[in-house]
file protein-v9.tsv (TSV, C-alpha atoms and all ligand atoms)
chain	number	residue	atom	x	y	z
A	1	MET	CA	0.00	0.00	0.00
A	2	THR	CA	1.47	3.38	-0.96
A	3	TYR	CA	-0.81	5.49	1.23
A	4	LEU	CA	-3.12	5.16	4.22
A	5	ALA	CA	-6.69	6.34	3.69
A	6	LYS	CA	-8.22	8.36	6.52
A	7	PRO	CA	-11.48	7.12	8.04
A	8	LYS	CA	-14.39	9.15	6.62
A	9	PHE	CA	-16.11	9.61	9.99
A	10	HIS	CA	-15.98	13.10	11.47
A	11	HIS	CA	-17.67	15.01	14.25
A	12	PRO	CA	-21.03	16.43	13.06
A	13	GLN	CA	-20.29	19.80	14.72
A	14	LEU	CA	-17.06	20.50	12.84
A	15	PRO	CA	-17.04	24.12	11.61
A	16	LYS	CA	-18.10	24.55	7.99
A	17	ASN	CA	-17.05	27.13	5.43
A	18	GLU	CA	-19.23	29.06	2.97
A	19	LEU	CA	-19.58	25.99	0.78
A	20	GLY	CA	-20.58	23.81	3.71
A	21	TYR	CA	-17.29	21.92	3.72
A	22	THR	CA	-15.30	21.04	6.83
A	23	HIS	CA	-11.51	20.80	7.16
A	24	ARG	CA	-11.87	17.09	6.57
A	25	ASP	CA	-13.02	17.78	3.00
A	26	TYR	CA	-9.64	19.39	2.29
A	27	GLU	CA	-7.50	16.67	3.86
A	28	GLY	CA	-5.81	13.80	2.07
A	29	ALA	CA	-4.41	10.42	3.10
A	30	VAL	CA	-2.56	9.88	6.38
A	31	SER	CA	1.00	11.20	6.05
A	32	THR	CA	3.80	8.66	5.93
A	33	LEU	CA	6.52	11.30	6.42
A	34	CYS	CA	8.75	11.24	9.52
A	35	ALA	CA	6.95	12.47	12.64
A	36	GLY	CA	7.78	16.18	13.02
A	37	CYS	CA	8.73	16.76	9.36
A	38	GLY	CA	8.23	20.43	8.46
A	39	HIS	CA	6.51	19.39	5.23
A	40	ASP	CA	3.47	18.12	7.19
A	41	SER	CA	3.05	21.57	8.75
A	42	ILE	CA	3.02	23.13	5.28
A	43	SER	CA	0.30	20.65	4.23
A	44	ALA	CA	-1.71	21.76	7.28
A	45	SER	CA	-1.40	25.41	6.20
A	46	ILE	CA	-2.48	24.56	2.64
A	47	ILE	CA	-5.56	22.76	4.02
A	48	GLU	CA	-6.34	25.72	6.28
A	49	ALA	CA	-5.90	28.26	3.45
A	50	CYS	CA	-8.20	26.38	1.03
A	51	PHE	CA	-10.80	25.80	3.77
A	52	GLU	CA	-10.79	29.49	4.75
A	53	LEU	CA	-11.00	30.64	1.13
A	54	SER	CA	-13.94	28.24	0.59
A	55	ILE	CA	-12.45	26.88	-2.60
A	56	ALA	CA	-14.33	23.96	-4.11
A	57	PRO	CA	-11.71	21.17	-4.07
A	58	HIS	CA	-12.41	20.19	-7.69
A	59	ARG	CA	-11.20	23.66	-8.78
A	60	ILE	CA	-7.65	22.92	-7.65
A	61	ALA	CA	-4.97	20.98	-9.51
A	62	LYS	CA	-1.95	20.03	-7.39
A	63	LEU	CA	1.21	18.96	-9.16
A	64	SER	CA	4.56	17.85	-7.83
A	65	GLY	CA	7.89	16.27	-8.74
A	66	ILE	CA	9.78	13.67	-6.68
A	67	GLY	CA	10.94	13.89	-3.05
A	68	CYS	CA	9.41	13.80	0.43
A	69	SER	CA	8.07	17.29	-0.34
A	70	SER	CA	6.61	16.14	-3.64
A	71	LYS	CA	4.83	13.29	-1.86
A	72	THR	CA	2.84	15.73	0.27
A	73	PRO	CA	-0.01	16.41	-2.21
A	74	THR	CA	-1.19	12.91	-1.30
A	75	TYR	CA	-1.71	14.19	2.24
A	76	PHE	CA	-3.89	17.22	1.43
A	77	LEU	CA	-6.76	18.09	-0.91
A	78	GLY	CA	-7.76	14.49	-1.49
A	79	ASN	CA	-10.76	15.63	-3.56
A	80	SER	CA	-8.69	17.78	-5.96
A	81	HIS	CA	-6.99	16.95	-9.24
A	82	GLY	CA	-3.43	15.72	-8.76
A	83	PHE	CA	-0.43	14.73	-10.82
A	84	ASN	CA	2.81	13.45	-9.35
A	85	SER	CA	5.30	13.96	-12.18
A	86	VAL	CA	9.00	13.16	-12.68
A	87	HIS	CA	11.89	14.59	-10.61
A	88	GLY	CA	12.27	18.29	-11.48
A	89	ARG	CA	9.58	18.25	-14.18
A	90	MET	CA	6.59	19.61	-12.28
A	91	PRO	CA	6.87	23.14	-13.79
A	92	SER	CA	6.54	22.01	-17.42
A	93	VAL	CA	3.67	19.63	-16.65
A	94	LEU	CA	1.93	22.42	-14.72
A	95	THR	CA	2.51	24.88	-17.58
A	96	GLY	CA	0.94	22.48	-20.07
A	97	ALA	CA	-2.04	21.77	-17.84
A	98	ASN	CA	-2.55	25.49	-17.22
A	99	LEU	CA	-2.50	26.25	-20.95
A	100	ALA	CA	-5.06	23.51	-21.62
A	101	ASN	CA	-7.42	24.54	-18.82
A	102	ARG	CA	-7.02	28.04	-17.43
A	103	ASP	CA	-10.05	27.64	-15.17
A	104	LEU	CA	-8.28	25.63	-12.46
A	105	ILE	CA	-6.14	26.91	-9.59
A	106	TYR	CA	-2.66	25.46	-10.04
A	107	LEU	CA	-0.65	24.52	-6.99
A	108	GLY	CA	2.88	23.32	-7.73
A	109	VAL	CA	4.60	21.62	-4.79
A	110	SER	CA	8.30	20.95	-4.99
A	111	GLY	CA	11.46	20.51	-2.95
A	112	ASP	CA	14.79	22.31	-2.97
A	113	GLY	CA	16.37	19.32	-4.71
A	114	ASP	CA	13.47	19.11	-7.14
A	115	SER	CA	13.57	22.85	-8.00
A	116	ALA	CA	17.13	24.07	-7.34
A	117	SER	CA	19.04	21.06	-8.70
A	118	ILE	CA	17.56	18.79	-11.38
A	119	GLY	CA	14.59	21.09	-12.03
A	120	PHE	CA	16.40	24.44	-11.86
A	121	GLY	CA	15.86	25.19	-15.54
A	122	GLN	CA	12.22	24.16	-15.38
A	123	PHE	CA	11.66	26.34	-12.31
A	124	ALA	CA	13.30	29.33	-14.03
A	125	HIS	CA	11.25	29.10	-17.21
A	126	ALA	CA	7.89	28.64	-15.50
A	127	ILE	CA	8.59	31.73	-13.39
A	128	ARG	CA	9.87	33.90	-16.24
A	129	ARG	CA	6.88	32.97	-18.41
A	130	GLY	CA	4.50	34.14	-15.69
A	131	VAL	CA	2.48	30.94	-15.42
A	132	ASN	CA	-0.55	31.61	-13.19
A	133	MET	CA	0.26	29.31	-10.28
A	134	VAL	CA	1.25	29.01	-6.66
A	135	TYR	CA	4.73	27.51	-6.69
A	136	VAL	CA	5.70	26.22	-3.24
A	137	VAL	CA	9.20	24.97	-2.48
A	138	GLU	CA	9.41	23.01	0.78
A	139	ASN	CA	13.01	23.91	1.45
A	140	ASN	CA	15.02	21.76	3.88
A	141	GLY	CA	18.48	22.14	2.32
A	142	VAL	CA	18.80	18.41	1.72
A	143	TYR	CA	17.59	15.59	-0.47
A	144	GLY	CA	15.46	14.12	2.32
A	145	LEU	CA	14.04	11.21	0.36
A	146	THR	CA	17.47	9.93	-0.70
A	147	LYS	CA	18.97	10.17	2.80
A	148	GLY	CA	20.22	13.70	3.33
A	149	GLN	CA	22.74	14.77	0.68
A	150	PHE	CA	23.24	18.57	0.53
A	151	SER	CA	20.91	20.27	-1.90
A	152	ALA	CA	21.75	23.42	-3.87
A	153	THR	CA	20.01	25.61	-1.28
A	154	ALA	CA	22.25	24.41	1.58
A	155	ASP	CA	24.32	27.32	2.84
A	156	ARG	CA	28.05	27.28	2.28
A	157	GLY	CA	29.72	26.25	5.52
A	158	SER	CA	26.66	24.44	6.90
A	159	LYS	CA	27.23	20.96	8.28
A	160	SER	CA	25.49	17.71	7.39
A	161	LYS	CA	24.34	15.30	10.09
A	162	ARG	CA	27.54	13.31	9.51
A	163	GLY	CA	29.68	16.42	10.05
A	164	VAL	CA	30.56	17.09	6.38
A	165	VAL	CA	30.89	20.83	5.60
A	166	ASN	CA	29.20	22.15	2.46
A	167	THR	CA	31.74	23.99	0.30
A	168	ASP	CA	29.35	25.06	-2.50
A	169	ASN	CA	27.60	28.40	-2.70
A	170	ALA	CA	23.86	28.31	-2.05
A	171	ILE	CA	21.14	29.17	-4.53
A	172	ASP	CA	18.52	31.47	-3.03
A	173	LEU	CA	15.34	30.68	-4.95
A	174	VAL	CA	13.66	33.83	-3.61
A	175	GLY	CA	16.39	36.00	-5.15
A	176	ILE	CA	16.16	34.09	-8.43
A	177	ALA	CA	12.35	34.37	-8.53
A	178	LEU	CA	12.59	38.13	-8.01
A	179	GLN	CA	15.17	38.45	-10.77
A	180	LEU	CA	13.11	36.33	-13.19
A	181	GLY	CA	10.01	38.48	-12.82
A	182	ALA	CA	7.73	36.54	-10.44
A	183	THR	CA	4.89	38.90	-9.55
A	184	PHE	CA	4.44	37.58	-6.00
A	185	VAL	CA	7.44	36.46	-3.96
A	186	ALA	CA	7.38	35.39	-0.33
A	187	ARG	CA	9.27	33.30	2.16
A	188	SER	CA	8.05	31.66	5.32
A	189	PHE	CA	8.83	28.96	7.83
A	190	SER	CA	6.88	25.72	8.18
A	191	GLY	CA	6.60	26.23	11.94
A	192	ASP	CA	4.99	29.67	11.58
A	193	LYS	CA	1.40	28.85	10.62
A	194	LYS	CA	0.24	32.36	11.49
A	195	GLN	CA	2.49	33.81	8.82
A	196	LEU	CA	2.33	30.94	6.32
A	197	THR	CA	-1.45	30.46	5.98
A	198	PRO	CA	-2.26	34.06	4.95
A	199	LEU	CA	0.69	34.01	2.55
A	200	ILE	CA	-0.70	30.88	0.86
A	201	LYS	CA	-4.14	32.49	0.67
A	202	ALA	CA	-2.72	35.64	-0.90
A	203	ALA	CA	-0.63	33.58	-3.34
A	204	ILE	CA	-3.73	31.61	-4.40
A	205	GLU	CA	-5.66	34.80	-5.11
A	206	HIS	CA	-2.74	36.35	-6.99
A	207	GLN	CA	-3.07	36.34	-10.78
A	208	GLY	CA	0.35	35.37	-12.16
A	209	ALA	CA	3.47	33.54	-11.03
A	210	ALA	CA	3.43	33.40	-7.22
A	211	PHE	CA	6.51	31.90	-5.63
A	212	LEU	CA	6.66	30.80	-1.99
A	213	ASP	CA	9.85	29.45	-0.44
A	214	VAL	CA	9.07	27.70	2.85
A	215	ILE	CA	11.95	26.71	5.08
A	216	SER	CA	10.99	23.28	6.33
A	217	PRO	CA	13.38	21.46	8.63
A	218	CYS	CA	14.06	17.81	7.86
A	219	VAL	CA	14.03	16.16	11.29
A	220	ALA	CA	15.84	13.10	9.99
A	221	PHE	CA	18.80	14.69	8.18
A	222	ASN	CA	18.88	18.44	8.75
A	223	ASN	CA	17.85	19.50	12.23
A	224	HIS	CA	21.12	19.52	14.12
A	225	ALA	CA	23.70	22.10	15.25
A	226	GLY	CA	25.56	23.39	12.17
A	227	SER	CA	22.52	23.24	9.91
A	228	THR	CA	21.12	26.58	8.75
A	229	LYS	CA	17.69	25.05	7.99
A	230	SER	CA	17.04	23.68	11.49
A	231	PHE	CA	14.19	24.88	13.71
A	232	ASP	CA	16.56	26.55	16.16
A	233	TYR	CA	18.68	28.31	13.53
A	234	VAL	CA	15.69	29.73	11.66
A	235	ARG	CA	14.01	30.91	14.87
A	236	GLU	CA	17.17	32.75	15.89
A	237	HIS	CA	17.88	34.32	12.48
A	238	ASN	CA	14.39	35.09	11.24
A	239	GLU	CA	13.79	38.71	10.18
A	240	ALA	CA	10.10	39.18	9.33
A	241	VAL	CA	9.49	42.08	6.96
A	242	ASN	CA	5.80	42.33	7.60
A	243	ARG	CA	2.82	40.58	9.09
A	244	LEU	CA	0.12	39.65	6.68
A	245	ASP	CA	-3.62	39.63	7.22
A	246	PHE	CA	-5.61	38.49	4.25
A	247	PHE	CA	-9.05	39.73	3.22
A	248	SER	CA	-10.80	38.10	0.30
A	249	GLY	CA	-12.75	40.23	-2.17
A	250	ARG	CA	-15.82	38.12	-1.40
A	251	ALA	CA	-16.00	38.37	2.39
A	252	PRO	CA	-13.57	39.27	5.14
A	253	ILE	CA	-11.85	36.15	6.36
A	254	LYS	CA	-9.74	37.38	9.19
A	255	VAL	CA	-9.46	40.83	10.61
A	256	ASP	CA	-6.81	42.08	12.96
A	257	TYR	CA	-6.82	45.79	13.71
A	258	ALA	CA	-4.12	45.76	16.31
A	259	PRO	CA	-2.06	48.96	16.32
A	260	GLY	CA	0.87	49.13	13.91
A	261	ASN	CA	1.81	50.41	10.54
A	262	VAL	CA	-0.65	48.74	8.17
A	263	GLU	CA	-0.52	48.81	4.41
A	264	THR	CA	-3.36	47.47	2.28
A	265	ILE	CA	-2.49	46.12	-1.14
A	266	GLN	CA	-5.06	46.06	-3.89
A	267	MET	CA	-4.58	42.81	-5.77
A	268	HIS	CA	-5.15	42.49	-9.51
A	269	ASP	CA	-8.50	40.74	-9.07
A	270	GLY	CA	-9.82	43.27	-6.57
A	271	THR	CA	-8.89	41.35	-3.43
A	272	THR	CA	-6.77	43.05	-0.82
A	273	VAL	CA	-3.85	42.05	1.32
A	274	ALA	CA	-3.05	44.03	4.43
A	275	LEU	CA	0.49	44.13	5.69
A	276	ARG	CA	1.67	45.09	9.10
A	277	LYS	CA	5.06	46.49	8.45
A	278	LEU	CA	7.75	46.00	10.99
A	279	ASP	CA	10.22	48.02	8.98
A	280	SER	CA	8.75	51.42	8.25
A	281	ASP	CA	10.54	51.94	4.93
A	282	TYR	CA	9.87	48.49	3.47
A	283	ASP	CA	7.82	48.74	0.27
A	284	VAL	CA	6.38	45.46	-1.09
A	285	HIS	CA	5.89	46.96	-4.57
A	286	ASP	CA	9.57	47.70	-5.16
A	287	ARG	CA	11.31	44.75	-6.82
A	288	LEU	CA	14.78	46.30	-6.76
A	289	ALA	CA	14.49	47.23	-3.11
A	290	ALA	CA	13.33	43.70	-2.28
A	291	MET	CA	16.39	42.25	-4.01
A	292	SER	CA	18.75	44.51	-2.16
A	293	PHE	CA	16.92	44.02	1.17
A	294	LEU	CA	17.31	40.27	0.75
A	295	GLN	CA	21.04	40.46	-0.05
A	296	HIS	CA	21.67	42.97	2.71
A	297	HIS	CA	20.11	40.73	5.36
A	298	ALA	CA	21.60	37.53	3.94
A	299	ALA	CA	25.04	39.10	4.36
A	300	LYS	CA	24.16	39.57	8.04
A	301	GLY	CA	23.05	35.90	8.30
A	302	GLN	CA	19.39	36.82	8.55
A	303	ILE	CA	16.60	34.97	6.79
A	304	VAL	CA	14.01	37.40	5.61
A	305	THR	CA	10.44	36.05	5.82
A	306	GLY	CA	7.12	37.57	4.82
A	307	LEU	CA	5.78	39.02	1.60
A	308	LEU	CA	8.84	40.44	-0.12
A	309	TYR	CA	7.30	41.56	-3.37
A	310	ALA	CA	3.84	41.82	-4.93
A	311	ALA	CA	3.29	43.54	-8.27
A	312	SER	CA	0.45	46.07	-8.17
A	313	GLU	CA	-0.60	45.01	-11.66
A	314	SER	CA	0.25	41.58	-12.92
A	315	GLU	CA	-0.38	39.49	-15.98
A	316	ASP	CA	0.11	35.84	-16.76
A	317	LEU	CA	1.15	33.57	-19.60
A	318	HIS	CA	-2.38	33.56	-21.09
A	319	ASP	CA	-2.24	37.36	-21.37
A	320	HIS	CA	1.18	37.12	-23.05
A	321	LEU	CA	-0.07	34.53	-25.55
A	322	ASN	CA	-3.41	36.23	-26.03
A	323	THR	CA	-5.29	32.96	-25.62
A	324	VAL	CA	-9.08	32.78	-25.69
A	325	GLU	CA	-11.02	33.08	-22.42
A	326	VAL	CA	-12.60	29.66	-22.87
A	327	PRO	CA	-10.29	26.90	-21.61
A	328	LEU	CA	-8.68	25.22	-24.63
A	329	ASN	CA	-9.97	21.83	-23.50
A	330	ALA	CA	-13.54	23.17	-23.67
A	331	LEU	CA	-13.41	24.51	-27.24
A	332	ASN	CA	-15.78	22.73	-29.60
A	333	GLU	CA	-15.07	21.41	-33.07
A	334	LYS	CA	-16.49	24.46	-34.81
A	335	GLU	CA	-14.16	26.76	-32.86
A	336	LEU	CA	-11.17	24.51	-33.42
A	337	CYS	CA	-11.83	23.95	-37.16
A	338	PRO	CA	-13.15	27.24	-38.55
A	339	GLY	CA	-13.23	25.81	-42.11
A	340	SER	CA	-11.26	26.07	-45.33
A	341	ALA	CA	-12.23	29.71	-46.04
A	342	ALA	CA	-10.62	30.83	-42.76
A	343	LEU	CA	-7.57	28.69	-43.52
A	344	ASP	CA	-7.24	30.22	-46.99
A	345	LYS	CA	-7.33	33.67	-45.42
A	346	ILE	CA	-4.56	32.76	-42.95
A	347	ASN	CA	-2.44	31.25	-45.73
A	348	ALA	CA	-2.97	34.33	-47.90
A	349	GLY	CA	-1.75	36.49	-45.02
A	350	LEU	CA	1.50	34.52	-44.90
A	351	ARG	CA	2.34	34.86	-48.60
B	1	LIG	C1	15.71	11.55	-12.56
B	1	LIG	C2	15.91	11.27	-11.10
B	1	LIG	N1	17.10	11.51	-10.53
B	1	LIG	C3	17.30	11.26	-9.21
B	1	LIG	C4	16.28	10.73	-8.46
B	1	LIG	C5	16.52	10.44	-7.00
B	1	LIG	N2	15.90	11.38	-6.13
B	1	LIG	C6	14.65	11.18	-5.65
B	1	LIG	S1	14.12	12.40	-4.64
B	1	LIG	C7	15.60	13.23	-4.84
B	1	LIG	C8	15.87	14.53	-4.12
B	1	LIG	C9	14.69	15.11	-3.44
B	1	LIG	O1	15.07	16.27	-2.76
B	1	LIG	P1	14.03	17.42	-2.51
B	1	LIG	O2	13.38	17.83	-3.76
B	1	LIG	O3	14.77	18.49	-1.78
B	1	LIG	O4	12.92	16.75	-1.63
B	1	LIG	P2	12.91	16.37	-0.06
B	1	LIG	O5	12.94	14.88	-0.06
B	1	LIG	O6	14.09	16.97	0.59
B	1	LIG	O7	11.63	16.94	0.42
B	1	LIG	C10	16.46	12.54	-5.68
B	1	LIG	C11	17.82	13.01	-6.03
B	1	LIG	C12	15.03	10.51	-9.09
B	1	LIG	N3	13.97	10.05	-8.43
B	1	LIG	N4	14.86	10.77	-10.40
B	2	LIG	S1	13.47	12.36	5.57
B	2	LIG	FE1	13.32	14.52	6.16
B	2	LIG	S2	12.11	15.47	4.53
B	2	LIG	FE2	11.79	13.26	4.40
B	2	LIG	S3	9.95	12.84	5.62
B	2	LIG	FE3	11.71	12.55	6.96
B	2	LIG	S4	11.96	14.54	7.95
B	2	LIG	FE4	10.69	14.89	6.16
B	3	MG	MG	14.79	18.91	0.21
call {"tool": "encode", "arguments": {"input": "protein-v9.tsv", "output": "structure tokens"}}
result
Amino acid sequence: MTYLAKPKFHHPQLPKNELGYTHRDYEGAVSTLCAGCGHDSISASIIEACFELSIAPHRIAKLSGIGCSSKTPTYFLGNSHGFNSVHGRMPSVLTGANLANRDLIYLGVSGDGDSASIGFGQFAHAIRRGVNMVYVVENNGVYGLTKGQFSATADRGSKSKRGVVNTDNAIDLVGIALQLGATFVARSFSGDKKQLTPLIKAAIEHQGAAFLDVISPCVAFNNHAGSTKSFDYVREHNEAVNRLDFFSGRAPIKVDYAPGNVETIQMHDGTTVALRKLDSDYDVHDRLAAMSFLQHHAAKGQIVTGLLYAASESEDLHDHLNTVEVPLNALNEKELCPGSAALDKINAGLR
């Protein structure tokens, strides 16, 4: 058996969302990951975000590559579409699916090995094309599934469980995503549900390429002294740029009016995201400033978390390609084969 089904029984008084669904309707099979794995906490935040947004599960397509992280879609959204692809190939499969049916919400789940090593090129091209998706990297700095080799996001100088020191420079996927034009870029920590859940909600509502790097300690191979992706290290070096409260365009989901410097962002589709800024001169709409902020804090050994960049106006691959509004997989024969007269006209235009 490759997964354990959860019993269907649940308490009749479980809270329901606008659609009448409970949390249980957004869960998947019982996780087979190591107890305490950060990836399971990310799954919990994804379940919470989709429940709170009242998304009908059949409107979501979850896609992944290979790794412990890429196994997680089995453990959430059991009633959604899913495709577990090949190592590092999730972005191209997601791009194809998105082009064929633009009506679904695409959730790409990957690991640091899956996206920063074998799938680095695929990651880069999906981001630079502006595919409308939520791209989540569950980043533990190791290849967890294959027993803890350093991944390309492991910091130079960090130590493996066996005491080996990493001599390679690290790839910061957040920096790369900013440089490649992602229109929503954020980083969080698996153990910070309060920050992570609203970020996932905002990323889902964002129209365009939304990238979310989530530091997710691997309790089996990367949660010891010397690791820069361990719980303790991240807690000590975390620099949060803002606190995010998310309000959907349909109905307020969570409101927190505690004193502080609050900035409300108007999203492309009319929804709003409110940020509580900790740093008074941090501007989430300034890509260049975000890049320099990131580098500046990385040089000080600080991991910046929060919403680093959100474009005020964004567009996606369908806008770039000028595709029709109707999903391509729903076009009928008449629309697909307009007849020989139309073909003659096209041919004449090419002469
Ligand atoms: C083409 C190919 N090469 C190598 C592997 C072996 N392999 C499986 S998972 C993995 C790394 C996974 O690391 P990551 O994406 O960081 O996921 P994690 O397990 O850490 O969550 C590798 C190298 C494979 N399955 N397919
Ligand atoms: S090996 Fe690491 S990444 Fe994989 S399930 Fe265990 S703790 Fe999680
Ligand atoms: Mg990994």
call {"tool": "atom_distance", "arguments": {"input": "protein-v9.tsv", "atom1": "CA of Gly119 (chain A)", "atom2": "CA of Leu317 (chain A)"}}
result
19.8 Å
call {"tool": "residues_near_ligand", "arguments": {"input": "protein-v9.tsv", "ligand": "ligand MG 3 (chain B)", "cutoff": "7 Å", "atoms": "all atoms listed in the file", "output": "list in words"}}
result
Ser69, Gly111, Asp112, Gly113, Glu138, Asn139, Asn140, Gly141, Val142, Tyr143, Gly144 and Ser151 of chain A
call {"tool": "closest_atom_pairs", "arguments": {"input": "protein-v9.tsv", "of": "chain A", "to": "ligand LIG 1 (chain B)", "cutoff": "10 Å", "atoms": "all atoms listed in the file", "output": "tab-separated table"}}
result
residue	atom	partner	partner_atom	distance
A:Leu33	CA	B:LIG1	O7	9.7
A:Cys37	CA	B:LIG1	O7	9.4
A:Gly38	CA	B:LIG1	O7	9.4
A:His39	CA	B:LIG1	O7	7.4
A:Ser64	CA	B:LIG1	O2	9.7
A:Gly65	CA	B:LIG1	O2	7.6
A:Ile66	CA	B:LIG1	S1	5.0
A:Gly67	CA	B:LIG1	O5	3.7
A:Cys68	CA	B:LIG1	O5	3.7
A:Ser69	CA	B:LIG1	O7	3.7
A:Ser70	CA	B:LIG1	O7	6.5
A:Lys71	CA	B:LIG1	O7	8.0
A:Thr72	CA	B:LIG1	O7	8.9
A:Val86	CA	B:LIG1	N4	6.7
A:His87	CA	B:LIG1	N4	4.8
A:Gly88	CA	B:LIG1	C1	7.6
A:Arg89	CA	B:LIG1	C1	9.2
A:Val109	CA	B:LIG1	O2	9.6
A:Ser110	CA	B:LIG1	O2	6.1
A:Gly111	CA	B:LIG1	O2	3.4
A:Asp112	CA	B:LIG1	O3	4.0
A:Gly113	CA	B:LIG1	O3	3.4
A:Asp114	CA	B:LIG1	O2	3.6
A:Ser115	CA	B:LIG1	O2	6.6
A:Ala116	CA	B:LIG1	O2	8.1
A:Ser117	CA	B:LIG1	O2	8.2
A:Ile118	CA	B:LIG1	N1	7.3
A:Gly119	CA	B:LIG1	O2	9.0
A:Val137	CA	B:LIG1	O2	8.4
A:Glu138	CA	B:LIG1	O7	6.5
A:Asn139	CA	B:LIG1	O3	6.6
A:Asn140	CA	B:LIG1	O6	5.9
A:Gly141	CA	B:LIG1	O3	6.6
A:Val142	CA	B:LIG1	O6	5.1
A:Tyr143	CA	B:LIG1	O1	3.5
A:Gly144	CA	B:LIG1	O5	3.5
A:Leu145	CA	B:LIG1	O5	3.9
A:Thr146	CA	B:LIG1	C7	5.6
A:Lys147	CA	B:LIG1	O5	8.2
A:Gly148	CA	B:LIG1	O6	7.5
A:Gln149	CA	B:LIG1	C8	8.4
A:Phe150	CA	B:LIG1	O3	8.8
A:Ser151	CA	B:LIG1	O3	6.4
A:Ala152	CA	B:LIG1	O3	8.8
A:Thr153	CA	B:LIG1	O3	8.9
A:Ser216	CA	B:LIG1	O7	8.7
A:Pro217	CA	B:LIG1	O6	9.2
A:Cys218	CA	B:LIG1	O6	7.3
A:Phe221	CA	B:LIG1	O6	9.2
A:Asn222	CA	B:LIG1	O6	9.6
call {"tool": "residues_near_point", "arguments": {"input": "protein-v9.tsv", "point": "(15.0, 33.9, 5.3)", "cutoff": "8 Å", "atoms": "all atoms listed in the file", "output": "PDB file with C-alpha atoms, keeping the file's coordinate frame"}}
result
ATOM      1  CA  ARG A 187       9.270  33.300   2.160  1.00  0.00           C
ATOM      2  CA  SER A 188       8.050  31.660   5.320  1.00  0.00           C
ATOM      3  CA  ILE A 215      11.950  26.710   5.080  1.00  0.00           C
ATOM      4  CA  VAL A 234      15.690  29.730  11.660  1.00  0.00           C
ATOM      5  CA  HIS A 237      17.880  34.320  12.480  1.00  0.00           C
ATOM      6  CA  ASN A 238      14.390  35.090  11.240  1.00  0.00           C
ATOM      7  CA  GLU A 239      13.790  38.710  10.180  1.00  0.00           C
ATOM      8  CA  ALA A 298      21.600  37.530   3.940  1.00  0.00           C
ATOM      9  CA  GLN A 302      19.390  36.820   8.550  1.00  0.00           C
ATOM     10  CA  ILE A 303      16.600  34.970   6.790  1.00  0.00           C
ATOM     11  CA  VAL A 304      14.010  37.400   5.610  1.00  0.00           C
ATOM     12  CA  THR A 305      10.440  36.050   5.820  1.00  0.00           C
TER      13      THR A 305
END
call {"tool": "atom_distance", "arguments": {"input": "protein-v9.tsv", "atom1": "CA of Ile105 (chain A)", "atom2": "CA of His11 (chain A)"}}
result
29.0 Å
call {"tool": "closest_residue", "arguments": {"input": "protein-v9.tsv", "among": "A:Ile55, A:Ala124, A:Leu199, A:Ala220", "to": "ligand LIG 2 (chain B)", "atoms": "only C-alpha atoms and all ligand atoms"}}
result
A:Ala220
